[in-house]
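Participant: Right, I'll just put the structure down here and ask away after.
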Amino acid sequence: MNWDAFTAAEPAFARIVEQRFGAFRHHVLATLRRDGSPRTSGLEADFRGGELWLGMMPDSLKARDLLRDPRFSLQANPGEGTGMAGGDVRIGGRAYEVPEGAAKAAYAEEVEPPQPFHLFRTELTEVVRTHVEDDTYLVVEVWQPGRRLRTIRRR
């Protein structure tokens, strides 16, 4: 399920998540190394045309990780200080490289990334937001494809 399908399923939640990612330019991408251990890297996420795109330099370690194993987790930049306005947001899924062709060329024309570059299209498996409500409750909102948004409140 792509970003557009998530937005159609949960429009209000999708807006919150997109605003949270839009608050800062750089975020943290977690991928899996060859030995299965996690690797974290900085990344700019791009919500465009109903997709969440991940672009990166050619032959970067994170690109190699995704080419070998498409699973990823993308954590929104928590921002300055400790307030985390909007909460802690992360997106999990699989990323698939967009081959040379019309789709990648159209993206490159619109975004003008440094050339050459890897471009990955994402399929979402989970979107999670954690925040504090009324200085009383820890609230965890979890969305997964085919399921309704779940909200868990803990005191």
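Each chain in the structure tokens gets a letter, A, B and so on, in the order shown; residues start at 1 in every chain, and ligands are counted from 1 in the order they appear.
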List as a tab-separated table (two decimals) with N, CA and C atoms, in the first residue's frame the protein and nucleic acid residues near Gly79 of chain A, meaning an atom at most 12 Å away when only C-alpha atoms are counted, but skip any in the same chain fewer than 6 places from it.
Facilitator:
```
chain	number	residue	atom	x	y	z
A	20	ARG	N	4.36	16.42	10.36
A	20	ARG	CA	5.48	16.13	11.26
A	20	ARG	C	6.77	15.95	10.48
A	21	PHE	N	6.72	15.22	9.35
A	21	PHE	CA	7.90	15.07	8.51
A	21	PHE	C	8.27	16.38	7.83
A	22	GLY	N	7.27	17.20	7.52
A	22	GLY	CA	7.53	18.48	6.87
A	22	GLY	C	8.14	19.53	7.76
A	23	ALA	N	8.12	19.31	9.06
A	23	ALA	CA	8.65	20.30	10.01
A	23	ALA	C	10.17	20.43	9.92
A	24	PHE	N	10.85	19.37	9.48
A	24	PHE	CA	12.30	19.38	9.36
A	24	PHE	C	12.70	18.69	8.06
A	25	ARG	N	13.86	19.02	7.57
A	25	ARG	CA	14.31	18.49	6.28
A	25	ARG	C	14.91	17.10	6.38
A	26	HIS	N	15.70	16.85	7.41
A	26	HIS	CA	16.43	15.58	7.52
A	26	HIS	C	15.80	14.67	8.57
A	27	HIS	N	15.75	13.38	8.24
A	27	HIS	CA	15.15	12.37	9.11
A	27	HIS	C	16.11	11.20	9.24
A	28	VAL	N	15.70	10.16	9.93
A	28	VAL	CA	16.57	9.00	10.15
A	28	VAL	C	15.96	7.76	9.51
A	85	ALA	N	7.08	18.63	19.31
A	85	ALA	CA	5.75	19.09	18.92
A	85	ALA	C	5.20	18.18	17.82
A	86	GLY	N	4.00	17.70	18.00
A	86	GLY	CA	3.40	16.80	17.02
A	86	GLY	C	3.67	15.34	17.31
A	87	GLY	N	4.54	15.06	18.27
A	87	GLY	CA	4.80	13.68	18.65
A	87	GLY	C	5.93	13.04	17.87
A	88	ASP	N	6.17	11.80	18.20
A	88	ASP	CA	7.19	10.98	17.58
A	88	ASP	C	6.50	10.18	16.47
A	89	VAL	N	7.01	10.26	15.26
A	89	VAL	CA	6.35	9.61	14.12
A	89	VAL	C	7.35	8.75	13.37
```
Participant: Leaving out Pro116 of chain A and any residue of its chain fewer than 3 positions from it, which residues lie within 9 Å of it when counting only C-alpha atoms, given as a short mmCIF file (atom, residue, chain, number, x, y, z; two decimals) with N, CA and C atoms, in the first residue's frame?
Facilitator:
```cif
data_model
loop_
_atom_site.label_atom_id
_atom_site.label_comp_id
_atom_site.auth_asym_id
_atom_site.auth_seq_id
_atom_site.Cartn_x
_atom_site.Cartn_y
_atom_site.Cartn_z
N MET A 57 22.20 8.88 -2.73
CA MET A 57 23.38 8.88 -3.60
C MET A 57 23.64 7.48 -4.14
N PRO A 58 24.24 7.43 -5.32
CA PRO A 58 24.53 6.12 -5.90
C PRO A 58 25.56 5.36 -5.05
N PRO A 113 17.38 16.37 -8.33
CA PRO A 113 18.37 15.86 -7.38
C PRO A 113 19.76 15.79 -8.03
#
```
Participant: Skip segment 67-78 of chain A itself and residues of its chain fewer than 4 positions away, then list as a list in words all residues within 6 Å of it, counting only C-alpha atoms.
Facilitator: Phe21, His27, Val28, Leu29, Ala30, Thr31, Met84, Val89, Arg90, Ile91, Gly92, Gly93, Arg94 and Ala95 of chain A
Participant: Have a look at atom CA of Ala5 of chain A and atom CA of Arg147 of chain A and let me know their distance in Å, one decimal.
Facilitator: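 A separation of 12.5 Å between them.
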Participant: Could you tell me, as a ChimeraX atom specification, which residues of segment 40-145 of chain A DSSP assigns to alpha helix (DSSP H) when given the backbone?
Facilitator: /A:61-68,102-111
Participant: For the selection just defined, write its residues with C-alpha atoms to a file, as a CSV table (one decimal), in the first residue's frame.
Facilitator:
```csv
chain,number,residue,atom,x,y,z
A,61,LEU,CA,25.4,2.0,2.0
A,62,LYS,CA,21.7,2.6,2.7
A,63,ALA,CA,20.9,2.2,-1.0
A,64,ARG,CA,22.9,-1.1,-1.1
A,65,ASP,CA,21.0,-2.2,2.1
A,66,LEU,CA,17.6,-1.6,0.4
A,67,LEU,CA,18.6,-3.2,-2.8
A,68,ARG,CA,19.5,-6.4,-0.8
A,102,ALA,CA,9.8,7.7,-17.5
A,103,ALA,CA,8.8,7.7,-13.8
A,104,LYS,CA,12.4,8.3,-12.6
A,105,ALA,CA,13.0,10.9,-15.3
A,106,ALA,CA,9.8,12.8,-14.3
A,107,TYR,CA,10.8,12.8,-10.7
A,108,ALA,CA,14.3,14.0,-11.6
A,109,GLU,CA,12.9,16.8,-13.7
A,110,GLU,CA,10.6,18.0,-10.9
A,111,VAL,CA,13.0,17.6,-8.0
```
